[in-house]
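Q: So here's structure-v2.pdb (PDB, C-alpha atoms and all ligand atoms).
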ATOM      1  CA  MET K   1      -5.577  16.172 -18.973  1.00  0.00           C
ATOM      2  CA  ALA K   2      -3.486  13.525 -17.240  1.00  0.00           C
ATOM      3  CA  GLN K   3      -2.093  14.352 -13.827  1.00  0.00           C
ATOM      4  CA  ALA K   4       1.592  15.342 -14.081  1.00  0.00           C
ATOM      5  CA  THR K   5       2.742  14.972 -10.477  1.00  0.00           C
ATOM      6  CA  ILE K   6       2.600  12.364  -7.708  1.00  0.00           C
ATOM      7  CA  CYS K   7       2.786  13.833  -4.205  1.00  0.00           C
ATOM      8  CA  GLU K   8       4.335  16.979  -5.733  1.00  0.00           C
ATOM      9  CA  ILE K   9       7.045  14.922  -7.456  1.00  0.00           C
ATOM     10  CA  ASP K  10       7.206  15.137 -11.229  1.00  0.00           C
ATOM     11  CA  LEU K  11       5.593  11.977 -12.622  1.00  0.00           C
ATOM     12  CA  GLN K  12       8.682  11.083 -14.653  1.00  0.00           C
ATOM     13  CA  ASP K  13      10.885  11.439 -11.575  1.00  0.00           C
ATOM     14  CA  TYR K  14       8.519   9.199  -9.630  1.00  0.00           C
ATOM     15  CA  LEU K  15       8.676   6.534 -12.340  1.00  0.00           C
ATOM     16  CA  TYR K  16      12.455   6.714 -12.274  1.00  0.00           C
ATOM     17  CA  GLU K  17      12.720   6.544  -8.472  1.00  0.00           C
ATOM     18  CA  MET K  18      10.141   3.784  -8.391  1.00  0.00           C
ATOM     19  CA  GLU K  19      12.324   1.576 -10.550  1.00  0.00           C
ATOM     20  CA  SER K  20      15.383   1.929  -8.337  1.00  0.00           C
ATOM     21  CA  PHE K  21      13.468   1.683  -5.045  1.00  0.00           C
ATOM     22  CA  HIS K  22      11.176  -1.193  -5.983  1.00  0.00           C
ATOM     23  CA  GLY K  23      13.733  -3.065  -8.073  1.00  0.00           C
ATOM     24  CA  GLY K  24      11.783  -3.006 -11.296  1.00  0.00           C
ATOM     25  CA  ARG K  25       9.103  -1.350 -13.374  1.00  0.00           C
ATOM     26  CA  SER K  26       5.830  -2.115 -11.700  1.00  0.00           C
ATOM     27  CA  PRO K  27       2.318  -1.185 -12.816  1.00  0.00           C
ATOM     28  CA  GLY K  28       1.278  -1.655  -9.179  1.00  0.00           C
ATOM     29  CA  MET K  29       3.747   1.019  -8.141  1.00  0.00           C
ATOM     30  CA  VAL K  30       2.375   3.421 -10.755  1.00  0.00           C
ATOM     31  CA  LEU K  31      -1.158   2.827  -9.553  1.00  0.00           C
ATOM     32  CA  GLY K  32       0.033   2.944  -5.939  1.00  0.00           C
ATOM     33  CA  GLY K  33       1.603   6.351  -6.510  1.00  0.00           C
ATOM     34  CA  PHE K  34      -1.738   7.764  -7.586  1.00  0.00           C
ATOM     35  CA  MET K  35      -3.423   6.113  -4.587  1.00  0.00           C
ATOM     36  CA  VAL K  36      -0.996   7.666  -2.117  1.00  0.00           C
ATOM     37  CA  ASP K  37      -1.313  11.018  -3.903  1.00  0.00           C
ATOM     38  CA  ARG K  38      -5.115  10.901  -3.713  1.00  0.00           C
ATOM     39  CA  ALA K  39      -5.117   9.895  -0.027  1.00  0.00           C
ATOM     40  CA  MET K  40      -2.646  12.619   0.932  1.00  0.00           C
ATOM     41  CA  ARG K  41      -4.486  15.354  -0.981  1.00  0.00           C
ATOM     42  CA  GLU K  42      -7.828  14.424   0.556  1.00  0.00           C
ATOM     43  CA  LEU K  43      -6.432  13.956   4.046  1.00  0.00           C
ATOM     44  CA  GLY K  44      -4.508  17.232   3.919  1.00  0.00           C
ATOM     45  CA  PRO K  45      -1.463  17.927   6.069  1.00  0.00           C
ATOM     46  CA  VAL K  46      -1.452  15.931   9.315  1.00  0.00           C
ATOM     47  CA  GLU K  47       1.140  15.883  12.040  1.00  0.00           C
ATOM     48  CA  HIS K  48       1.105  12.164  12.836  1.00  0.00           C
ATOM     49  CA  LEU K  49       0.701  10.297   9.570  1.00  0.00           C
ATOM     50  CA  ASN K  50       0.139   6.548   9.524  1.00  0.00           C
ATOM     51  CA  VAL K  51      -0.759   4.389   6.531  1.00  0.00           C
ATOM     52  CA  VAL K  52      -2.387   0.978   6.305  1.00  0.00           C
ATOM     53  CA  CYS K  53      -1.978  -1.051   3.119  1.00  0.00           C
ATOM     54  CA  GLU K  54      -4.407  -3.867   2.439  1.00  0.00           C
ATOM     55  CA  THR K  55      -2.033  -5.813   0.219  1.00  0.00           C
ATOM     56  CA  VAL K  56       1.582  -6.935   0.474  1.00  0.00           C
ATOM     57  CA  MET K  57       2.079  -6.434  -3.275  1.00  0.00           C
ATOM     58  CA  CYS K  58       3.761  -3.247  -4.567  1.00  0.00           C
ATOM     59  CA  LEU K  59       1.545  -0.776  -2.695  1.00  0.00           C
ATOM     60  CA  PRO K  60       3.661  -0.761   0.513  1.00  0.00           C
ATOM     61  CA  ASP K  61       6.659   0.342  -1.564  1.00  0.00           C
ATOM     62  CA  ALA K  62       4.722   3.278  -3.043  1.00  0.00           C
ATOM     63  CA  VAL K  63       3.846   4.344   0.508  1.00  0.00           C
ATOM     64  CA  GLN K  64       7.440   3.996   1.700  1.00  0.00           C
ATOM     65  CA  LEU K  65       8.783   5.916  -1.290  1.00  0.00           C
ATOM     66  CA  LEU K  66       6.304   8.793  -1.013  1.00  0.00           C
ATOM     67  CA  THR K  67       5.660   9.208   2.719  1.00  0.00           C
ATOM     68  CA  GLY K  68       7.726   8.995   5.875  1.00  0.00           C
ATOM     69  CA  CYS K  69       5.784   5.883   6.840  1.00  0.00           C
ATOM     70  CA  THR K  70       7.851   2.695   6.669  1.00  0.00           C
ATOM     71  CA  ALA K  71       7.537  -0.849   7.923  1.00  0.00           C
ATOM     72  CA  GLY K  72      10.563  -0.206  10.113  1.00  0.00           C
ATOM     73  CA  ASN K  73       9.326   2.920  11.899  1.00  0.00           C
ATOM     74  CA  GLY K  74       5.959   1.294  12.507  1.00  0.00           C
ATOM     75  CA  TYR K  75       3.911   4.013  10.795  1.00  0.00           C
ATOM     76  CA  LEU K  76       3.092   1.690   7.898  1.00  0.00           C
ATOM     77  CA  GLN K  77       1.007  -1.385   8.610  1.00  0.00           C
ATOM     78  CA  VAL K  78       0.611  -4.006   5.915  1.00  0.00           C
ATOM     79  CA  MET K  79      -2.321  -6.400   5.857  1.00  0.00           C
ATOM     80  CA  ASP K  80      -2.200  -9.463   3.629  1.00  0.00           C
ATOM     81  CA  TRP K  81      -5.788  -9.071   2.420  1.00  0.00           C
ATOM     82  CA  GLY K  82      -4.962  -9.008  -1.289  1.00  0.00           C
ATOM     83  CA  LYS K  83      -6.992  -5.798  -1.733  1.00  0.00           C
ATOM     84  CA  TYR K  84      -5.600  -2.858  -3.655  1.00  0.00           C
ATOM     85  CA  ALA K  85      -6.555  -0.278  -1.044  1.00  0.00           C
ATOM     86  CA  LEU K  86      -4.940   1.885   1.603  1.00  0.00           C
ATOM     87  CA  THR K  87      -5.883   4.218   4.419  1.00  0.00           C
ATOM     88  CA  ALA K  88      -3.863   7.264   5.404  1.00  0.00           C
ATOM     89  CA  TYR K  89      -4.758   8.601   8.845  1.00  0.00           C
ATOM     90  CA  ASP K  90      -3.566  10.736  11.724  1.00  0.00           C
ATOM     91  CA  ARG K  91      -2.697   8.398  14.580  1.00  0.00           C
ATOM     92  CA  ILE K  92      -3.739  10.967  17.206  1.00  0.00           C
ATOM     93  CA  SER K  93      -7.062  12.179  15.753  1.00  0.00           C
ATOM     94  CA  LEU K  94      -7.684   8.724  14.161  1.00  0.00           C
ATOM     95  CA  ASN K  95      -9.319  10.452  11.177  1.00  0.00           C
ATOM     96  CA  GLY K  96      -8.251   9.282   7.766  1.00  0.00           C
ATOM     97  CA  VAL K  97      -9.048   8.680   4.128  1.00  0.00           C
ATOM     98  CA  ARG K  98      -9.368   5.244   2.559  1.00  0.00           C
ATOM     99  CA  VAL K  99      -8.600   4.935  -1.161  1.00  0.00           C
ATOM    100  CA  TRP K 100      -9.391   1.829  -3.147  1.00  0.00           C
ATOM    101  CA  LEU K 101      -9.378   0.545  -6.692  1.00  0.00           C
ATOM    102  CA  ASP K 102     -12.786   1.247  -8.243  1.00  0.00           C
ATOM    103  CA  MET K 103     -13.677  -1.813 -10.302  1.00  0.00           C
ATOM    104  CA  ASP K 104     -16.291   0.174 -12.285  1.00  0.00           C
ATOM    105  CA  GLY K 105     -13.430   2.370 -13.443  1.00  0.00           C
ATOM    106  CA  VAL K 106     -11.226  -0.644 -14.141  1.00  0.00           C
ATOM    107  CA  ALA K 107     -14.031  -2.109 -16.282  1.00  0.00           C
ATOM    108  CA  GLN K 108     -13.766   0.925 -18.588  1.00  0.00           C
ATOM    109  CA  THR K 109     -10.127   0.190 -19.384  1.00  0.00           C
ATOM    110  CA  ASP K 110      -8.452  -2.314 -21.639  1.00  0.00           C
ATOM    111  CA  LEU K 111      -4.939  -3.182 -20.456  1.00  0.00           C
ATOM    112  CA  ILE K 112      -5.530  -2.369 -16.791  1.00  0.00           C
ATOM    113  CA  LYS K 113      -8.522  -4.705 -16.741  1.00  0.00           C
ATOM    114  CA  LYS K 114      -6.497  -7.524 -18.318  1.00  0.00           C
ATOM    115  CA  TRP K 115      -3.594  -6.947 -15.964  1.00  0.00           C
ATOM    116  CA  TYR K 116      -5.568  -6.555 -12.748  1.00  0.00           C
ATOM    117  CA  THR K 117      -8.206  -9.240 -13.269  1.00  0.00           C
ATOM    118  CA  ARG K 118      -5.670 -11.549 -14.962  1.00  0.00           C
ATOM    119  CA  THR K 119      -7.956 -12.115 -17.928  1.00  0.00           C
ATOM    120  CA  GLY K 120      -6.785 -12.431 -21.493  1.00  0.00           C
ATOM    121  CA  GLU K 121      -4.175 -14.832 -22.758  1.00  0.00           C
ATOM    122  CA  PRO K 122      -1.184 -15.296 -20.425  1.00  0.00           C
ATOM    123  CA  ARG K 123       1.069 -14.631 -23.409  1.00  0.00           C
ATOM    124  CA  GLU K 124      -0.404 -11.210 -24.034  1.00  0.00           C
ATOM    125  CA  LYS K 125       0.686  -9.810 -20.662  1.00  0.00           C
ATOM    126  CA  PRO K 126       0.473  -6.057 -21.252  1.00  0.00           C
ATOM    127  CA  GLU K 127       3.740  -4.324 -21.964  1.00  0.00           C
ATOM    128  CA  PHE K 128       4.739  -2.072 -19.055  1.00  0.00           C
ATOM    129  CA  THR K 129       4.985   1.219 -20.945  1.00  0.00           C
ATOM    130  CA  GLU K 130       1.549   0.779 -22.515  1.00  0.00           C
ATOM    131  CA  LEU K 131      -0.005  -0.267 -19.223  1.00  0.00           C
ATOM    132  CA  ALA K 132       1.614   2.583 -17.292  1.00  0.00           C
ATOM    133  CA  LYS K 133       0.369   5.041 -19.918  1.00  0.00           C
ATOM    134  CA  GLU K 134      -3.170   3.754 -19.493  1.00  0.00           C
ATOM    135  CA  ILE K 135      -2.907   4.027 -15.700  1.00  0.00           C
ATOM    136  CA  VAL K 136      -1.692   7.638 -15.958  1.00  0.00           C
ATOM    137  CA  GLU K 137      -4.450   8.563 -18.408  1.00  0.00           C
ATOM    138  CA  HIS K 138      -7.217   6.902 -16.392  1.00  0.00           C
ATOM    139  CA  ALA K 139      -6.033   7.681 -12.861  1.00  0.00           C
ATOM    140  CA  GLY K 140      -9.085   9.925 -12.379  1.00  0.00           C
ATOM    141  CA  ILE K 141     -11.616   7.106 -12.814  1.00  0.00           C
ATOM    142  CA  LEU K 142      -9.622   4.213 -11.317  1.00  0.00           C
ATOM    143  CA  LEU K 143      -9.794   5.269  -7.699  1.00  0.00           C
ATOM    144  CA  ALA K 144     -12.525   5.799  -5.151  1.00  0.00           C
ATOM    145  CA  SER K 145     -12.158   7.258  -1.685  1.00  0.00           C
ATOM    146  CA  ARG K 146     -13.998   8.207   1.459  1.00  0.00           C
ATOM    147  CA  PRO K 147     -13.212   9.585   4.919  1.00  0.00           C
ATOM    148  CA  VAL K 148     -12.871   6.936   7.642  1.00  0.00           C
ATOM    149  CA  THR K 149     -12.284   6.919  11.385  1.00  0.00           C
ATOM    150  CA  LEU K 150     -10.242   4.253  13.124  1.00  0.00           C
ATOM    151  CA  PRO K 151     -11.356   2.934  16.524  1.00  0.00           C
ATOM    152  CA  LYS K 152      -7.694   2.859  17.597  1.00  0.00           C
ATOM    153  CA  GLN K 153      -4.244   3.322  16.134  1.00  0.00           C
ATOM    154  CA  LEU K 154      -2.665   0.176  14.756  1.00  0.00           C
ATOM    155  CA  LYS K 155       0.855   0.831  15.949  1.00  0.00           C
ATOM    156  CA  ARG K 156       1.599  -0.542  19.416  1.00  0.00           C
ATOM    157  CA  LYS K 157       1.650   2.481  21.679  1.00  0.00           C
ATOM    158  CA  ARG K 158       4.284   1.383  24.143  1.00  0.00           C
ATOM    159  CA  PRO K 159       6.708  -1.487  24.448  1.00  0.00           C
ATOM    160  CA  VAL K 160       5.207  -4.561  26.106  1.00  0.00           C
ATOM    161  CA  MET K 161       6.826  -6.812  28.704  1.00  0.00           C
ATOM    162  CA  THR K 162       9.056  -9.483  27.283  1.00  0.00           C
ATOM    163  CA  ALA K 163       9.534 -13.071  28.430  1.00  0.00           C
ATOM    164  CA  LEU K 164      11.925 -15.891  27.611  1.00  0.00           C
ATOM    165  CA  CYS K 165      10.267 -18.620  25.578  1.00  0.00           C
ATOM    166  CA  PRO K 166      10.542 -21.889  27.555  1.00  0.00           C
ATOM    167  CA  ALA K 167      10.908 -23.879  24.331  1.00  0.00           C
ATOM    168  CA  CYS K 168      13.556 -21.940  22.360  1.00  0.00           C
ATOM    169  CA  GLY K 169      14.976 -19.582  24.971  1.00  0.00           C
ATOM    170  CA  GLU K 170      14.540 -16.509  22.783  1.00  0.00           C
ATOM    171  CA  SER K 171      12.914 -13.306  23.998  1.00  0.00           C
ATOM    172  CA  TYR K 172       9.380 -12.455  22.801  1.00  0.00           C
ATOM    173  CA  PRO K 173       6.459 -10.176  23.822  1.00  0.00           C
ATOM    174  CA  ALA K 174       4.896 -11.798  26.872  1.00  0.00           C
ATOM    175  CA  ASP K 175       1.345 -10.845  25.850  1.00  0.00           C
ATOM    176  CA  LEU K 176       1.511 -13.313  22.934  1.00  0.00           C
ATOM    177  CA  GLY K 177       1.111 -16.351  25.167  1.00  0.00           C
ATOM    178  CA  ASP K 178       3.087 -18.982  27.092  1.00  0.00           C
ATOM    179  CA  LYS K 179       5.469 -19.661  24.212  1.00  0.00           C
ATOM    180  CA  CYS K 180       6.790 -17.526  21.340  1.00  0.00           C
ATOM    181  CA  PRO K 181       4.790 -17.571  18.084  1.00  0.00           C
ATOM    182  CA  GLY K 182       7.409 -19.798  16.445  1.00  0.00           C
ATOM    183  CA  CYS K 183       7.084 -22.450  19.149  1.00  0.00           C
ATOM    184  CA  SER K 184       3.275 -22.139  19.241  1.00  0.00           C
ATOM    185  CA  GLY K 185       2.841 -23.678  15.802  1.00  0.00           C
ATOM    186  CA  GLN K 186       3.183 -20.471  13.759  1.00  0.00           C
ATOM    187  CA  ALA K 187       6.774 -21.042  12.593  1.00  0.00           C
ATOM    188  CA  TYR K 188       7.320 -20.137   8.932  1.00  0.00           C
ATOM    189  CA  TYR K 189      10.539 -22.189   8.867  1.00  0.00           C
ATOM    190  CA  GLU K 190      11.293 -25.868   9.462  1.00  0.00           C
TER
HETATM  191 ZN    ZN L 201      10.115 -20.192  21.268  1.00  0.00          ZN
END
Output the file's structure as structure tokens, nothing else.
Ligand SMILES: [Zn+2]
A:
Amino acid sequence: MAQATICEIDLQDYLYEMESFHGGRSPGMVLGGFMVDRAMRELGPVEHLNVVCETVMCLPDAVQLLTGCTAGNGYLQVMDWGKYALTAYDRISLNGVRVWLDMDGVAQTDLIKKWYTRTGEPREKPEFTELAKEIVEHAGILLASRPVTLPKQLKRKRPVMTALCPACGESYPADLGDKCPGCSGQAYYE
């Protein structure tokens, strides 16, 4: 029987909240909800929850909607690895659970496989309702997980010294080098 709740929220309520929080109906958010649910159930209650997402797509929003971990409070770290995986861990004990998309499970599906591996004709992009239904029905075989330990917590423990960048005059963390990242060739703007 398909799972009816996500992190103790009724599945229908989650789908509704997902749409308003994420700004649209997203298969990645549906899948992400099950990933967060699985990680939290296997990790059990922890006092100092942190989450690491290994993709910038959709998954961070599922974490922010379902846990107290956000990009702004620093308890959610987002890596741009393009992997549909996350780790929930206690930042004091450093013990956690990593959950990832099991491609053997994906291979047993129809729409999910087309959507996730971007196969099939571009025109026949699966319709959301059908795809979401398949995700809900196959949630049990789509995910894999295992306990992990982190060598250190990913959130900066204490504020670092700041310096004034000699090139732009703005303040930045002094441990990043002689100039701010923007003036050291990493600017994302022109
Ligand atoms: Zn600068």
Q: Mind dumping a table of every segment 28-110 of chain K residue within 6 Å of segment 134-152 of chain K, with the nearest atom pair and its distance in Å to one decimal, using only C-alpha atoms, sorted by chain and rising number, as a tab-separated table?
A:
residue	atom	partner	partner_atom	distance
K:Leu94	CA	K:Leu150	CA	5.3
K:Asn95	CA	K:Thr149	CA	4.6
K:Gly96	CA	K:Val148	CA	5.2
K:Val97	CA	K:Pro147	CA	4.3
K:Arg98	CA	K:Ser145	CA	5.5
K:Val99	CA	K:Ser145	CA	4.3
K:Trp100	CA	K:Ala144	CA	5.4
K:Leu101	CA	K:Leu143	CA	4.8
K:Asp102	CA	K:Leu143	CA	5.0
K:Gly105	CA	K:Leu142	CA	4.7
K:Val106	CA	K:Leu142	CA	5.8
Q: Residues at most 12 Å from Cys7 of chain K, counting all atoms listed in the file, excluding those fewer than 6 positions away in the same chain, as a list in words?
A: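 Those residues are Asp13, Tyr14, Gly32, Gly33, Phe34, Met35, Val36, Asp37, Arg38, Ala39, Met40, Arg41, Glu42, Gly44, Pro45, Ala62, Val63, Leu65, Leu66 and Thr67 of chain K.
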Q: Write out, as an mmCIF file, keeping the file's coordinate frame, the residues just selected, with C-alpha atoms.
A:
data_model
loop_
_atom_site.group_PDB
_atom_site.id
_atom_site.type_symbol
_atom_site.label_atom_id
_atom_site.label_comp_id
_atom_site.auth_asym_id
_atom_site.auth_seq_id
_atom_site.Cartn_x
_atom_site.Cartn_y
_atom_site.Cartn_z
ATOM 1 C CA ASP K 13 10.885 11.439 -11.575
ATOM 2 C CA TYR K 14 8.519 9.199 -9.630
ATOM 3 C CA GLY K 32 0.033 2.944 -5.939
ATOM 4 C CA GLY K 33 1.603 6.351 -6.510
ATOM 5 C CA PHE K 34 -1.738 7.764 -7.586
ATOM 6 C CA MET K 35 -3.423 6.113 -4.587
ATOM 7 C CA VAL K 36 -0.996 7.666 -2.117
ATOM 8 C CA ASP K 37 -1.313 11.018 -3.903
ATOM 9 C CA ARG K 38 -5.115 10.901 -3.713
ATOM 10 C CA ALA K 39 -5.117 9.895 -0.027
ATOM 11 C CA MET K 40 -2.646 12.619 0.932
ATOM 12 C CA ARG K 41 -4.486 15.354 -0.981
ATOM 13 C CA GLU K 42 -7.828 14.424 0.556
ATOM 14 C CA GLY K 44 -4.508 17.232 3.919
ATOM 15 C CA PRO K 45 -1.463 17.927 6.069
ATOM 16 C CA ALA K 62 4.722 3.278 -3.043
ATOM 17 C CA VAL K 63 3.846 4.344 0.508
ATOM 18 C CA LEU K 65 8.783 5.916 -1.290
ATOM 19 C CA LEU K 66 6.304 8.793 -1.013
ATOM 20 C CA THR K 67 5.660 9.208 2.719
#
Q: Just the residues within 12 Å of Lys125 of chain K, please, counting only C-alpha atoms, with nothing from its chain fewer than 4 positions along; format it as a list in words.
A: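 Residues meeting the cut-off are Pro27, Asp110, Leu111, Ile112, Lys113, Lys114, Trp115, Tyr116, Thr117, Arg118, Thr119, Gly120, Glu121, Thr129, Glu130 and Leu131 of chain K.
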Q: Can you list what the PyMOL selection byres (((chain K and resi 21) around 12) and not hetatm) grabs from this structure, as a list in words?
A: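 Matching residues under the PyMOL selection byres (((chain K and resi 21) around 12) and not hetatm) are Tyr14, Leu15, Tyr16, Glu17, Met18, Glu19, Ser20, His22, Gly23, Gly24, Arg25, Ser26, Met29, Cys58, Pro60, Asp61, Ala62, Val63, Gln64, Leu65 and Leu66 of chain K.
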Q: For the contact check between chain K and ligand ZN 201 (chain L), emit one row per residue of chain K within 8 Å, containing the shortest atom pair and the distance in Å rounded to one decimal, counting all atoms listed in the file, chain then rising number order, as CSV.
A:
residue,atom,partner,partner_atom,distance
K:Leu164,CA,L:ZN201,ZN,7.9
K:Cys165,CA,L:ZN201,ZN,4.6
K:Pro166,CA,L:ZN201,ZN,6.5
K:Ala167,CA,L:ZN201,ZN,4.9
K:Cys168,CA,L:ZN201,ZN,4.0
K:Gly169,CA,L:ZN201,ZN,6.1
K:Glu170,CA,L:ZN201,ZN,6.0
K:Ser171,CA,L:ZN201,ZN,7.9
K:Tyr172,CA,L:ZN201,ZN,7.9
K:Lys179,CA,L:ZN201,ZN,5.5
K:Cys180,CA,L:ZN201,ZN,4.3
K:Pro181,CA,L:ZN201,ZN,6.7
K:Gly182,CA,L:ZN201,ZN,5.5
K:Cys183,CA,L:ZN201,ZN,4.3
K:Ser184,CA,L:ZN201,ZN,7.4
Q: On this structure, which residues satisfy the PyMOL selection byres (((chain K and resi 91) around 7) and not hetatm), written as a PDB file with C-alpha atoms, in the coordinates of the input?
A:
ATOM      1  CA  HIS K  48       1.105  12.164  12.836  1.00  0.00           C
ATOM      2  CA  LEU K  49       0.701  10.297   9.570  1.00  0.00           C
ATOM      3  CA  ASN K  50       0.139   6.548   9.524  1.00  0.00           C
ATOM      4  CA  TYR K  89      -4.758   8.601   8.845  1.00  0.00           C
ATOM      5  CA  ASP K  90      -3.566  10.736  11.724  1.00  0.00           C
ATOM      6  CA  ILE K  92      -3.739  10.967  17.206  1.00  0.00           C
ATOM      7  CA  SER K  93      -7.062  12.179  15.753  1.00  0.00           C
ATOM      8  CA  LEU K  94      -7.684   8.724  14.161  1.00  0.00           C
ATOM      9  CA  GLN K 153      -4.244   3.322  16.134  1.00  0.00           C
TER      10      GLN K 153
END
Q: I'd like the residues picked by the PyMOL selection byres (((chain K and resi 84) around 9) and not hetatm) written out as a list in words, using the chain letters and numbers from the file.
A: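 That expression, the PyMOL selection byres (((chain K and resi 84) around 9) and not hetatm), corresponds here to Gly28, Gly32, Cys53, Glu54, Thr55, Met57, Leu59, Trp81, Gly82, Lys83, Ala85, Leu86, Val99, Trp100 and Leu101 of chain K.
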Q: To one decimal place, how far is atom CA of Asp178 of chain K from atom CA of Arg158 of chain K in Å?
A: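 Pair atom CA of Asp178 of chain K / atom CA of Arg158 of chain K returns 20.6 Å.
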Q: What is the distance between atom CA of Tyr189 of chain K and atom CA of Pro173 of chain K, in Å to one decimal?
A: 19.6 Å
Q: Kindly give the distance, in Å, that separates atom CA of Val78 of chain K and atom CA of Thr109 of chain K, rounded to a single decimal.
A: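 Between atom CA of Val78 of chain K and atom CA of Thr109 of chain K the gap works out to 27.8 Å.
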Q: Between K:Ala163, K:Met79, K:Ala107, K:Val30, which has the minimum distance to Ile6 of chain K (counting only C-alpha atoms)?
A: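 Looking only at the distances to Ile6 of chain K, the closest residue turns out to be K:Val30.
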Q: Go through K:Val46, K:Lys133, K:Val51, K:Cys69 and flag the residue nearest Gln3 of chain K, using only C-alpha atoms for the distances.
A: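 Between K:Val46, K:Lys133, K:Val51, K:Cys69, the residue approaching Gln3 of chain K most closely is K:Lys133.
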Q: Would you give the centre and edge lengths, in Å to one decimal, of a box along x, y and z around the listed atoms of segment 37-48 of chain K, with 4 Å added to each side, as lines of an AutoDock Vina configuration file?
A:
center_x = -3.3
center_y = 13.9
center_z = 4.5
size_x = 17.0
size_y = 16.0
size_z = 24.7
Q: Just want the 8 Å neighbourhood of Asp175 of chain K, counted on all atoms listed in the file, with same-chain residues fewer than 6 positions away dropped. Output as an MDAnalysis selection string.
A: chainID K and resid 160:162
